[in-house]
file coords-v3.cif (mmCIF, C-alpha atoms)
data_run
loop_
_atom_site.label_atom_id
_atom_site.label_comp_id
_atom_site.auth_asym_id
_atom_site.auth_seq_id
_atom_site.Cartn_x
_atom_site.Cartn_y
_atom_site.Cartn_z
CA MET E 15 72.74 -82.65 -24.19
CA THR E 16 70.43 -80.82 -26.53
CA TRP E 17 67.09 -82.50 -26.46
CA PRO E 18 65.15 -82.93 -29.65
CA GLU E 19 62.80 -80.21 -30.69
CA THR E 20 59.24 -80.68 -29.57
CA GLU E 21 58.11 -80.54 -33.19
CA LEU E 22 60.36 -83.47 -34.06
CA VAL E 23 58.95 -85.46 -31.16
CA ASP E 24 55.40 -84.60 -32.27
CA ARG E 25 56.06 -85.73 -35.81
CA ALA E 26 57.66 -88.94 -34.59
CA VAL E 27 54.72 -89.62 -32.32
CA ARG E 28 52.44 -89.16 -35.33
CA GLY E 29 54.42 -91.91 -37.02
CA GLU E 30 56.37 -89.96 -39.61
CA PRO E 31 59.24 -92.32 -40.47
CA ASP E 32 61.82 -89.60 -41.14
CA ALA E 33 61.08 -87.87 -37.87
CA THR E 34 61.12 -91.17 -35.97
CA SER E 35 64.47 -92.06 -37.43
CA ALA E 36 65.92 -88.61 -36.71
CA LEU E 37 64.57 -88.63 -33.18
CA LEU E 38 65.95 -92.04 -32.32
CA SER E 39 69.27 -91.20 -33.93
CA SER E 40 69.54 -88.15 -31.70
CA VAL E 41 68.83 -90.00 -28.47
CA GLN E 42 70.63 -93.27 -29.23
CA PRO E 43 74.18 -92.21 -28.23
CA GLY E 44 72.91 -91.16 -24.80
CA ILE E 45 71.08 -94.47 -24.44
CA VAL E 46 74.24 -96.37 -25.34
CA ARG E 47 76.25 -94.39 -22.78
CA TYR E 48 73.57 -94.97 -20.17
CA CYS E 49 73.51 -98.74 -20.69
CA ARG E 50 77.31 -98.92 -20.72
CA ALA E 51 77.55 -96.85 -17.56
CA ARG E 52 74.94 -98.94 -15.78
CA LEU E 53 76.08 -102.37 -16.93
CA GLY E 54 79.80 -101.80 -17.39
CA LYS E 55 81.99 -104.05 -19.46
CA ILE E 56 80.90 -107.65 -19.41
CA GLY E 57 83.40 -110.18 -20.66
CA GLY E 58 85.82 -107.35 -21.33
CA GLY E 59 83.60 -105.38 -23.67
CA PHE E 60 80.42 -103.36 -24.04
CA THR E 61 78.73 -105.90 -26.30
CA THR E 62 76.03 -106.76 -23.80
CA ALA E 63 75.41 -103.14 -22.84
CA ASP E 64 75.16 -102.20 -26.51
CA ASP E 65 72.71 -105.03 -27.10
CA ILE E 66 70.54 -103.72 -24.28
CA SER E 67 70.76 -100.19 -25.67
CA GLN E 68 69.48 -101.50 -28.97
CA GLU E 69 66.64 -103.14 -27.15
CA VAL E 70 65.87 -99.84 -25.44
CA CYS E 71 65.68 -98.11 -28.82
CA ILE E 72 63.23 -100.71 -30.08
CA ALA E 73 61.16 -100.35 -26.91
CA ILE E 74 61.09 -96.57 -27.37
CA LEU E 75 60.01 -97.04 -30.95
CA LYS E 76 57.15 -99.24 -29.82
CA ALA E 77 56.10 -96.95 -26.99
CA LEU E 78 56.37 -93.74 -28.99
CA PRO E 79 52.69 -93.54 -30.01
CA LYS E 80 51.69 -93.52 -26.35
CA TYR E 81 54.29 -90.99 -25.27
CA ARG E 82 51.89 -88.07 -24.95
CA GLN E 83 49.66 -89.99 -22.58
CA GLN E 84 52.45 -90.11 -20.04
CA GLY E 85 52.76 -86.36 -19.64
CA VAL E 86 56.47 -86.35 -18.94
CA PRO E 87 59.39 -84.69 -20.72
CA PHE E 88 60.82 -86.76 -23.53
CA SER E 89 64.07 -87.34 -21.65
CA ALA E 90 62.10 -88.82 -18.75
CA PHE E 91 60.19 -91.03 -21.19
CA VAL E 92 63.42 -92.29 -22.75
CA TYR E 93 65.37 -92.93 -19.58
CA SER E 94 62.54 -94.53 -17.69
CA ILE E 95 62.40 -97.10 -20.48
CA ALA E 96 66.17 -97.44 -20.46
CA ALA E 97 66.28 -97.87 -16.68
CA ARG E 98 63.59 -100.55 -16.84
CA LYS E 99 65.40 -102.48 -19.56
CA VAL E 100 68.72 -102.31 -17.73
CA THR E 101 67.11 -103.47 -14.50
CA ASP E 102 65.41 -106.33 -16.35
CA ALA E 103 68.77 -107.32 -17.82
CA GLN E 104 70.46 -107.23 -14.45
CA ARG E 105 67.74 -109.34 -12.87
CA ALA E 106 67.90 -111.85 -15.67
CA ALA E 107 71.68 -111.94 -15.37
CA ILE E 108 71.46 -112.60 -11.65
CA ARG E 109 68.90 -115.34 -12.28
CA GLN E 110 70.89 -117.03 -14.99
CA ALA E 111 74.52 -116.31 -14.33
CA ALA E 112 76.67 -118.62 -12.29
CA PRO E 113 77.94 -116.96 -9.13
CA ALA E 114 81.24 -116.18 -10.80
CA PRO E 115 82.91 -112.84 -10.26
CA ASP E 116 82.76 -110.31 -13.04
CA PRO E 117 85.46 -111.41 -15.48
CA ALA E 118 86.26 -107.79 -16.18
CA PHE E 119 87.99 -107.68 -12.85
CA GLU E 120 89.61 -111.05 -13.20
CA ARG E 121 91.35 -110.72 -16.51
CA PRO E 122 93.66 -108.14 -17.95
CA ASP E 123 92.24 -105.95 -20.67
CA PRO E 124 92.41 -108.09 -23.83
CA ASP E 125 93.27 -105.05 -25.90
CA PRO E 126 95.49 -102.93 -23.74
CA GLY E 127 96.74 -100.55 -26.41
CA PRO E 128 98.94 -97.64 -25.42
CA GLU E 129 99.71 -97.08 -21.78
CA GLN E 130 97.50 -94.01 -21.53
CA ARG E 131 94.57 -95.94 -22.80
CA ALA E 132 95.19 -98.68 -20.30
CA VAL E 133 95.35 -96.16 -17.49
CA ALA E 134 92.14 -94.51 -18.69
CA ALA E 135 90.45 -97.91 -18.83
CA ASP E 136 91.62 -98.59 -15.31
CA GLN E 137 90.27 -95.24 -14.18
CA ALA E 138 86.93 -95.87 -15.83
CA ARG E 139 86.77 -99.31 -14.28
CA LEU E 140 87.64 -97.91 -10.89
CA LEU E 141 84.92 -95.30 -11.15
CA GLY E 142 82.49 -98.10 -11.94
CA VAL E 143 83.56 -99.85 -8.76
CA LEU E 144 83.18 -96.67 -6.72
CA LEU E 145 79.70 -96.07 -8.09
CA GLU E 146 78.63 -99.42 -6.70
CA HIS E 147 79.13 -97.97 -3.24
CA LEU E 148 76.62 -95.19 -3.77
CA PRO E 149 72.94 -95.36 -2.87
CA GLU E 150 70.89 -96.25 -5.91
CA THR E 151 69.40 -92.82 -6.49
CA GLN E 152 72.73 -91.07 -6.22
CA ARG E 153 74.30 -93.55 -8.61
CA GLU E 154 71.51 -93.02 -11.11
CA ILE E 155 71.95 -89.26 -10.87
CA VAL E 156 75.68 -89.52 -11.58
CA VAL E 157 75.02 -91.82 -14.53
CA LEU E 158 72.39 -89.51 -16.01
CA ARG E 159 74.35 -86.32 -15.35
CA VAL E 160 77.82 -87.46 -16.46
CA ALA E 161 77.50 -90.49 -18.73
CA VAL E 162 74.31 -89.39 -20.48
CA GLY E 163 74.71 -85.64 -20.08
CA LEU E 164 71.24 -84.71 -18.85
CA SER E 165 70.76 -81.45 -16.96
CA ALA E 166 69.77 -81.47 -13.30
CA ASP E 167 66.25 -80.46 -14.36
CA GLU E 168 65.97 -83.32 -16.80
CA VAL E 169 67.28 -85.75 -14.22
CA GLY E 170 64.64 -84.44 -11.83
CA SER E 171 61.90 -85.15 -14.38
CA THR E 172 63.25 -88.61 -15.00
CA LEU E 173 63.60 -89.57 -11.35
CA ASN E 174 60.54 -87.66 -10.19
CA MET E 175 62.57 -85.31 -8.03
CA THR E 176 62.76 -81.55 -7.87
CA PRO E 177 65.85 -79.99 -9.49
CA VAL E 178 66.95 -78.75 -6.08
CA ALA E 179 66.76 -82.24 -4.64
CA VAL E 180 68.79 -83.50 -7.59
CA ARG E 181 71.50 -80.90 -7.01
CA VAL E 182 71.73 -81.71 -3.33
CA ALA E 183 71.82 -85.44 -4.00
CA GLN E 184 74.48 -85.11 -6.69
CA SER E 185 76.67 -83.09 -4.34
CA ARG E 186 76.34 -85.79 -1.75
CA ALA E 187 77.20 -88.38 -4.35
CA LEU E 188 80.35 -86.49 -5.33
CA ALA E 189 81.34 -86.08 -1.71
CA ARG E 190 80.93 -89.78 -1.15
CA LEU E 191 82.88 -90.62 -4.29
CA ARG E 192 85.69 -88.28 -3.24
CA THR E 193 85.97 -90.06 0.07
CA LEU E 194 86.01 -93.43 -1.63
CA ALA E 195 88.54 -92.25 -4.23
CA ALA E 196 90.80 -90.86 -1.52
CA ASP E 197 90.80 -94.28 0.10
CA VAL E 198 91.67 -95.85 -3.23
CA PHE E 199 94.42 -93.40 -4.06
CA GLY E 200 96.11 -94.25 -0.80
CA GLU E 201 97.24 -97.40 -2.61
CA PRO E 202 98.76 -97.93 -6.04
CA MET E 203 96.01 -97.61 -8.63
CA GLU E 204 96.92 -100.70 -10.65
CA ARG E 205 96.68 -102.97 -7.62
CA ARG E 206 93.18 -101.77 -6.84
CA ALA E 207 91.89 -101.72 -10.37
CA ALA E 208 93.43 -104.98 -11.51
CA MET O 5 78.51 -72.86 -3.12
CA THR O 6 79.62 -76.47 -3.20
CA VAL O 7 76.29 -77.49 -4.64
CA GLU O 8 76.62 -74.96 -7.46
CA HIS O 9 80.21 -75.88 -8.11
CA ASP O 10 79.38 -79.56 -8.21
CA ASP O 11 76.48 -78.87 -10.56
CA GLU O 12 78.75 -76.97 -12.94
CA LEU O 13 81.36 -79.70 -12.74
CA LEU O 14 78.83 -82.40 -13.55
CA SER O 15 77.42 -80.36 -16.43
CA ALA O 16 80.91 -79.90 -17.85
CA LEU O 17 81.68 -83.60 -17.50
CA GLY O 18 78.31 -84.50 -19.00
CA SER O 19 79.05 -82.43 -22.09
CA GLY O 20 82.05 -84.69 -22.76
CA SER O 21 84.53 -81.84 -22.93
CA PRO O 22 87.79 -82.16 -21.02
CA VAL O 23 87.72 -80.67 -17.52
CA ASP O 24 90.86 -79.07 -16.21
CA SER O 25 91.09 -80.06 -12.59
CA ASP O 26 93.53 -81.52 -10.10
CA ASP O 27 90.71 -83.37 -8.43
CA PRO O 28 91.40 -87.11 -8.87
CA LEU O 29 87.67 -87.84 -8.87
CA THR O 30 87.18 -85.48 -11.81
CA GLY O 31 89.80 -87.43 -13.71
CA LEU O 32 88.03 -90.69 -12.94
CA LEU O 33 84.64 -89.31 -13.99
CA HIS O 34 86.08 -87.90 -17.21
CA ALA O 35 87.81 -91.21 -18.05
CA TRP O 36 84.57 -93.05 -17.37
CA ARG O 37 82.51 -90.69 -19.50
CA THR O 38 85.07 -90.93 -22.32
CA GLU O 39 85.07 -94.70 -22.21
CA VAL O 40 81.30 -95.09 -22.42
CA ASP O 41 81.27 -92.61 -25.31
CA THR O 42 83.89 -94.45 -27.37
CA ASP O 43 82.87 -96.30 -30.54
CA ILE O 44 79.14 -95.84 -30.19
CA PRO O 45 77.57 -98.49 -32.43
CA PRO O 46 75.28 -97.33 -35.22
CA LEU O 47 71.57 -97.23 -34.59
CA ARG O 48 69.79 -100.22 -36.07
CA LEU O 49 66.10 -99.73 -36.47
CA PRO O 50 63.54 -102.15 -37.82
CA SER O 51 63.65 -102.13 -41.57
CA PRO O 52 61.71 -99.44 -43.39
CA SER O 53 58.24 -99.62 -42.04
CA PRO O 54 55.16 -99.63 -44.12
CA ALA O 55 53.35 -96.35 -43.67
CA GLY O 56 51.69 -96.12 -40.34
CA SER O 57 53.28 -99.12 -38.77
CA LEU O 58 55.38 -96.97 -36.51
CA ALA O 59 52.42 -94.86 -35.59
CA GLY O 60 50.59 -97.96 -34.62
CA GLY O 61 53.42 -98.93 -32.38
CA HIS O 62 53.80 -102.13 -34.26
CA VAL O 63 57.24 -103.44 -34.87
CA PRO O 64 57.07 -106.36 -37.25
CA ALA O 65 58.47 -109.45 -35.66
CA GLN O 66 60.21 -110.37 -38.88
CA SER O 67 61.76 -107.03 -39.55
CA GLY O 68 65.02 -108.76 -40.17
CA LEU O 69 68.42 -107.23 -39.85
CA ALA O 70 67.53 -104.19 -37.94
CA LEU O 71 66.01 -106.03 -35.02
CA ASP O 72 69.30 -107.77 -34.61
CA GLY O 73 68.13 -110.38 -32.20
CA PHE O 74 65.66 -108.17 -30.44
CA GLY O 75 62.46 -109.60 -31.72
CA ALA O 76 59.36 -109.83 -29.67
CA GLY O 77 60.50 -113.04 -28.10
CA SER O 78 63.78 -111.63 -26.90
CA THR O 79 63.71 -110.42 -23.36
CA ALA O 80 66.14 -108.04 -21.87
CA GLY O 81 68.28 -110.55 -20.20
CA ASP O 82 68.01 -113.84 -21.92
CA GLY O 83 71.53 -114.80 -21.17
CA ARG O 84 72.87 -111.46 -22.24
CA PRO O 85 75.88 -111.51 -19.94
CA GLY O 86 77.00 -114.58 -21.81
CA GLY O 87 76.17 -112.93 -25.08
CA GLY O 88 79.47 -111.17 -25.29
CA ASN O 89 81.33 -114.42 -25.34
CA ARG O 90 78.75 -116.12 -27.48
CA ARG O 91 79.41 -113.62 -30.22
CA LYS O 92 83.15 -114.04 -30.11
CA TRP O 93 83.06 -116.84 -32.59
CA LEU O 94 84.06 -116.24 -36.18
CA GLY O 95 87.31 -114.74 -35.01
CA GLY O 96 85.71 -111.98 -33.01
CA TRP O 97 83.27 -110.87 -35.69
CA ARG O 98 79.96 -109.78 -34.35
CA LEU O 99 77.37 -111.28 -36.59
CA PRO O 100 73.85 -110.83 -35.30
CA ARG O 101 71.79 -113.95 -35.40
CA PRO O 102 69.32 -112.67 -38.02
CA VAL O 103 72.25 -111.80 -40.27
CA ILE O 104 73.57 -115.32 -40.01
CA ILE O 105 70.13 -116.79 -40.58
CA GLY O 106 69.57 -114.35 -43.41
CA ALA O 107 72.88 -115.25 -44.97
CA ILE O 108 72.09 -118.93 -44.78
CA ALA O 109 68.62 -118.33 -46.18
CA SER O 110 69.96 -116.23 -49.02
CA ALA O 111 72.53 -118.87 -49.75
CA PHE O 112 69.66 -121.27 -50.23
CA VAL O 113 67.49 -118.83 -52.11
CA PHE O 114 70.20 -117.41 -54.32
CA GLY O 115 71.90 -120.75 -54.61
CA GLY O 116 68.64 -122.17 -55.86
CA LEU O 117 68.11 -119.13 -58.02
CA THR O 118 71.54 -119.37 -59.57
CA ALA O 119 71.08 -123.09 -60.08
CA ALA O 120 67.78 -122.39 -61.78
CA ALA O 121 69.31 -119.56 -63.77
CA ALA O 122 72.23 -121.72 -64.82
CA SER O 123 69.92 -124.25 -66.38
CA ALA O 124 67.28 -121.83 -67.64
CA GLU O 125 66.03 -121.88 -71.19
CA PRO O 126 65.14 -118.80 -73.21
CA GLY O 127 61.62 -117.82 -72.28
CA SER O 128 61.99 -119.11 -68.74
CA PRO O 129 61.47 -116.64 -65.89
CA PHE O 130 65.11 -117.15 -64.95
CA TRP O 131 66.35 -116.40 -68.42
CA PRO O 132 67.15 -112.73 -67.73
CA ILE O 133 69.28 -113.83 -64.80
CA THR O 134 71.01 -116.40 -66.94
CA GLN O 135 71.78 -113.72 -69.50
CA ILE O 136 73.39 -111.49 -66.89
CA VAL O 137 75.11 -113.96 -64.63
CA PHE O 138 75.93 -116.68 -67.11
CA SER O 139 76.40 -114.72 -70.30
CA ASP O 140 78.55 -117.49 -71.82
CA LYS O 141 75.95 -120.03 -70.95
CA ALA O 142 73.18 -117.80 -72.27
CA ASN O 143 74.94 -117.36 -75.60
CA SER O 144 75.44 -121.08 -75.78
CA LYS O 145 71.77 -121.75 -75.09
CA LEU O 146 70.69 -119.29 -77.75
CA ALA O 147 73.06 -120.87 -80.23
CA GLU O 148 71.69 -124.30 -79.35
CA GLN O 149 68.16 -123.20 -80.08
CA GLU O 150 69.19 -121.61 -83.33
CA VAL O 151 70.98 -124.82 -84.32
CA LEU O 152 67.90 -126.90 -83.53
CA ALA O 153 65.86 -124.61 -85.76
CA LEU O 154 68.53 -124.83 -88.46
CA LEU O 155 68.62 -128.62 -88.27
CA GLU O 156 64.89 -128.62 -88.83
CA GLN O 157 65.40 -126.40 -91.88
CA VAL O 158 68.20 -128.67 -93.12
CA ARG O 159 65.87 -131.62 -92.83
CA LYS O 160 63.24 -129.91 -94.98
CA ALA O 161 65.55 -128.02 -97.30
CA SER O 162 66.00 -128.66 -100.96
CA PRO O 163 69.42 -129.96 -102.06
CA GLN O 164 70.29 -126.49 -103.31
CA GLU O 165 69.57 -124.75 -100.05
CA ARG O 166 71.06 -127.43 -97.89
CA PRO O 167 74.83 -126.65 -98.14
CA ALA O 168 74.43 -123.08 -96.93
CA LEU O 169 72.20 -124.18 -94.06
CA VAL O 170 74.65 -126.92 -93.10
CA ALA O 171 77.52 -124.44 -93.08
CA THR O 172 75.56 -122.03 -90.92
CA ALA O 173 74.60 -124.85 -88.58
CA ARG O 174 78.27 -125.82 -88.20
CA GLU O 175 79.16 -122.24 -87.34
CA LYS O 176 76.44 -122.07 -84.73
CA ILE O 177 77.40 -125.43 -83.28
CA ALA O 178 80.97 -124.21 -82.86
CA ARG O 179 79.71 -121.39 -80.67
CA ILE O 180 78.09 -123.74 -78.21
CA SER O 181 80.20 -123.94 -75.08
CA ASP O 182 78.54 -127.01 -73.61
CA LEU O 183 80.61 -129.87 -74.91
CA THR O 184 77.93 -132.50 -74.57
CA VAL O 185 75.35 -130.39 -76.37
CA ARG O 186 77.83 -129.53 -79.09
CA GLU O 187 78.70 -133.17 -79.68
CA ARG O 188 75.06 -134.14 -79.76
CA LEU O 189 74.05 -131.44 -82.24
CA LEU O 190 77.03 -132.19 -84.40
CA ALA O 191 76.07 -135.84 -84.45
CA GLU O 192 72.53 -134.88 -85.43
CA LEU O 193 73.84 -132.72 -88.22
CA GLU O 194 76.13 -135.46 -89.46
CA ALA O 195 73.23 -137.88 -89.35
CA LEU O 196 71.12 -135.49 -91.43
CA ILE O 197 73.92 -135.05 -93.92
CA ALA O 198 74.45 -138.80 -94.13
CA ALA O 199 70.75 -139.43 -94.66
CA ALA O 200 70.51 -136.87 -97.40
CA PRO O 201 71.64 -137.52 -100.95
CA ALA O 202 73.39 -134.18 -101.16
CA PRO O 203 76.90 -134.58 -102.48
CA ALA O 204 78.36 -131.32 -101.31
CA ASN O 205 79.58 -129.76 -98.09
CA SER O 206 79.83 -132.89 -96.06
CA VAL O 207 83.58 -132.47 -95.81
CA LEU O 208 83.62 -129.24 -93.89
CA PRO O 209 86.01 -129.54 -90.95
CA VAL O 210 84.56 -129.84 -87.55
CA PRO O 211 85.59 -126.81 -85.56
CA SER O 212 87.81 -127.70 -82.67
CA PRO O 213 86.88 -126.52 -79.22
CA THR O 214 88.78 -123.64 -77.74
CA PRO O 215 89.32 -123.36 -74.01
CA SER O 216 86.90 -120.49 -73.65
CA GLN O 217 84.18 -122.56 -75.21
CA VAL O 218 84.67 -125.63 -73.13
CA ASP O 219 82.21 -126.18 -70.40
CA GLY O 220 82.70 -128.27 -67.33
CA PRO O 221 81.71 -131.83 -66.73
CA GLY O 222 78.93 -130.60 -64.46
CA ALA O 223 77.13 -128.85 -67.26
CA THR O 224 73.58 -129.94 -67.63
CA PRO O 225 72.57 -131.33 -70.97
CA SER O 226 69.18 -130.45 -72.27
CA PRO O 227 66.92 -133.22 -71.08
CA ASN O 228 64.40 -133.17 -73.90
CA THR O 229 66.71 -134.30 -76.67
CA PRO O 230 68.33 -137.66 -77.25
CA THR O 231 72.06 -137.98 -76.72
CA PRO O 232 73.41 -140.26 -79.38
CA SER O 233 77.01 -139.28 -78.69
CA LYS O 234 78.70 -139.91 -75.40
CA THR O 235 82.09 -138.59 -76.34
CA GLY O 236 81.85 -135.77 -73.84
CA GLY O 237 82.91 -138.03 -71.03
CA LEU O 238 86.10 -138.96 -72.85
CA LEU O 239 87.36 -135.42 -73.13
CA PRO O 240 89.44 -134.11 -70.25
CA PRO O 241 88.17 -131.07 -68.39
CA ILE O 242 90.35 -128.39 -69.89
CA LEU O 243 91.34 -125.47 -67.71
CA PRO O 244 88.73 -125.81 -65.00
CA SER O 245 89.68 -122.35 -63.76
CA LEU O 246 88.07 -120.90 -66.84
CA LEU O 247 84.79 -122.51 -66.10
CA PRO O 248 81.91 -120.19 -65.45
CA SER O 249 81.18 -120.19 -61.75
CA LEU O 250 78.74 -123.00 -61.61
CA PRO O 251 76.54 -123.05 -58.56
CA LEU O 252 75.85 -126.73 -58.98
CA PRO O 253 77.59 -129.05 -56.57
CA LEU O 254 80.61 -130.54 -58.26
CA PRO O 255 81.90 -133.08 -55.80
CA ASP O 256 84.17 -134.80 -58.26
CA LEU O 257 86.00 -131.80 -59.60
CA PRO O 258 89.50 -132.75 -58.49
CA LEU O 259 91.11 -129.35 -58.90
CA LEU O 260 88.65 -127.62 -56.67
CA ASP O 261 89.79 -129.55 -53.63
#

call {"tool": "encode", "arguments": {"input": "coords-v3.cif", "output": "structure tokens"}}
result
Amino acid sequence: MTWPETELVDRAVRGEPDATSALLSSVQPGIVRYCRARLGKIGGGFTTADDISQEVCIAILKALPKYRQQGVPFSAFVYSIAARKVTDAQRAAIRQAAPAPDPAFERPDPDPGPEQRAVAADQARLLGVLLEHLPETQREIVVLRVAVGLSADEVGSTLNMTPVAVRVAQSRALARLRTLAADVFGEPMERRAA
Amino acid sequence: MTVEHDDELLSALGSGSPVDSDDPLTGLLHAWRTEVDTDIPPLRLPSPSPAGSLAGGHVPAQSGLALDGFGAGSTAGDGRPGGGNRRKWLGGWRLPRPVIIGAIASAFVFGGLTAAAASAEPGSPFWPITQIVFSDKANSKLAEQEVLALLEQVRKASPQERPALVATAREKIARISDLTVRERLLAELEALIAAAPAPANSVLPVPSPTPSQVDGPGATPSPNTPTPSKTGGLLPPILPSLLPSLPLPLPDLPLLD
């Protein structure tokens, strides 16, 4: 991911509407991917995750004037807000939701489409399941590196880790995921993902 | 070396480009990344801010559409997991709450506005809207006012001037699309003619209404003039489909059911 120019960030922080709009437009797709990766499909779709991503954008907009006071790279500023919003949403969901299993794993995909798409959806869903078995930090690193597209350095800034520590942790995460995936692939994929 | 290789792999996956690998995990990660990147919704920001409002970190609570349900009172998880299903109504359309509220509000506002415009008189603040939206009605209103002025002239005119004025008045009356108003003005004209000693021009035929001039039974007569003739109610509503789109409630229009 190419992060916005510092000048654009500066202008947005000063409150220039065009710069603010351009800045948020440039970071919004990553925020959407982050929220989707963290929250998954709820009720068969990304509606909830997309709602949260919108909320993240509004929160960034509000917090923008104070960005410089935080002394962190802009990516860290953005994804710390996103992480907080997603965690809030998860907590609220736990508080309010009935102890029903995630319907995404109970029902077939309402819009299966071509077979390839169905397989890809199954694969994506399976990866989401595998990620749940990772320690929190490793899971966050995979989300930020793959779903969002941050570099190891940017992930380090966001999670307050050194880049080296990020690279080691991400390798461990991949190793763990490979082990889990190998277990899964020992059985037919549809049975596990369905 | 594994750390470097993994770093490169993750960077490639994170860029969204396809990764050629036999590793099943790579396939899963790529499918996952592709899925979360599909159909990214458009960014919706609070509506154009007054200068400086962004700098002040102030997002107006009533910024409307763009907030899309994320006003100050909306917390991250107020039932969000149920939100997906909640928005499935309207046949799967996703209509944010402010849009629905806004639509209802505009229905009231514009409904009221159109109602006001439909019954506006020349000189009224709604008159320009009437002219645009209800051009037939506007022409009719103008003709009505001209006729009223003409009737006044007829009343004061000398016997020599009177026939021409009466003829003009008849022409203008024929252009009025509101049946009730037309009948009333015609009756006033006839009354003037009958009261006057003038021998001429009282036999001019009354122009018959044409479908394009006929207004609906819901048309509002001008309240400040007497209505000596009640014949409007006896005439059938001709071709209701040609009626101008009246915003007024017409509960007893049978063909609209």

call {"tool": "resolve_selection", "arguments": {"input": "coords-v3.cif", "expression": "the PyMOL selection byres ((chain O and resi 7-14) around 12)", "output": "number ranges by chain"}}
result
E: 155-167, 177-189, 192; O: 5-6, 15-25, 27, 29-31, 33-34, 37

call {"tool": "closest_residue", "arguments": {"input": "coords-v3.cif", "among": "O:Leu32, O:Ala195, O:Ala178, O:Val170", "to": "Ser144 in chain O", "atoms": "all atoms listed in the file"}}
result
O:Ala178

call {"tool": "atom_distance", "arguments": {"input": "coords-v3.cif", "atom1": "CA of Arg139 in chain E", "atom2": "CA of Leu191 in chain E"}}
result
13.8 Å

call {"tool": "closest_residue", "arguments": {"input": "coords-v3.cif", "among": "E:Pro87, E:Pro18, E:Gly170, E:Gly142", "to": "chain O", "atoms": "all atoms listed in the file"}}
result
E:Gly142

call {"tool": "residues_around", "arguments": {"input": "coords-v3.cif", "residues": "Leu37 in chain E", "least_positions_apart": "2", "cutoff": "12 Å", "atoms": "only C-alpha atoms", "output": "mmCIF file with C-alpha atoms, in the coordinates of the input"}}
result
data_model
loop_
_atom_site.group_PDB
_atom_site.id
_atom_site.type_symbol
_atom_site.label_atom_id
_atom_site.label_comp_id
_atom_site.auth_asym_id
_atom_site.auth_seq_id
_atom_site.Cartn_x
_atom_site.Cartn_y
_atom_site.Cartn_z
ATOM 1 C CA THR E 16 70.430 -80.820 -26.530
ATOM 2 C CA TRP E 17 67.090 -82.500 -26.460
ATOM 3 C CA PRO E 18 65.150 -82.930 -29.650
ATOM 4 C CA GLU E 19 62.800 -80.210 -30.690
ATOM 5 C CA THR E 20 59.240 -80.680 -29.570
ATOM 6 C CA GLU E 21 58.110 -80.540 -33.190
ATOM 7 C CA LEU E 22 60.360 -83.470 -34.060
ATOM 8 C CA VAL E 23 58.950 -85.460 -31.160
ATOM 9 C CA ASP E 24 55.400 -84.600 -32.270
ATOM 10 C CA ARG E 25 56.060 -85.730 -35.810
ATOM 11 C CA ALA E 26 57.660 -88.940 -34.590
ATOM 12 C CA VAL E 27 54.720 -89.620 -32.320
ATOM 13 C CA GLY E 29 54.420 -91.910 -37.020
ATOM 14 C CA GLU E 30 56.370 -89.960 -39.610
ATOM 15 C CA PRO E 31 59.240 -92.320 -40.470
ATOM 16 C CA ASP E 32 61.820 -89.600 -41.140
ATOM 17 C CA ALA E 33 61.080 -87.870 -37.870
ATOM 18 C CA THR E 34 61.120 -91.170 -35.970
ATOM 19 C CA SER E 35 64.470 -92.060 -37.430
ATOM 20 C CA SER E 39 69.270 -91.200 -33.930
ATOM 21 C CA SER E 40 69.540 -88.150 -31.700
ATOM 22 C CA VAL E 41 68.830 -90.000 -28.470
ATOM 23 C CA GLN E 42 70.630 -93.270 -29.230
ATOM 24 C CA PRO E 43 74.180 -92.210 -28.230
ATOM 25 C CA CYS E 71 65.680 -98.110 -28.820
ATOM 26 C CA ILE E 74 61.090 -96.570 -27.370
ATOM 27 C CA LEU E 75 60.010 -97.040 -30.950
ATOM 28 C CA LEU E 78 56.370 -93.740 -28.990
ATOM 29 C CA PHE E 88 60.820 -86.760 -23.530
ATOM 30 C CA SER E 89 64.070 -87.340 -21.650
ATOM 31 C CA VAL E 92 63.420 -92.290 -22.750
ATOM 32 C CA LEU O 47 71.570 -97.230 -34.590
ATOM 33 C CA LEU O 49 66.100 -99.730 -36.470
#
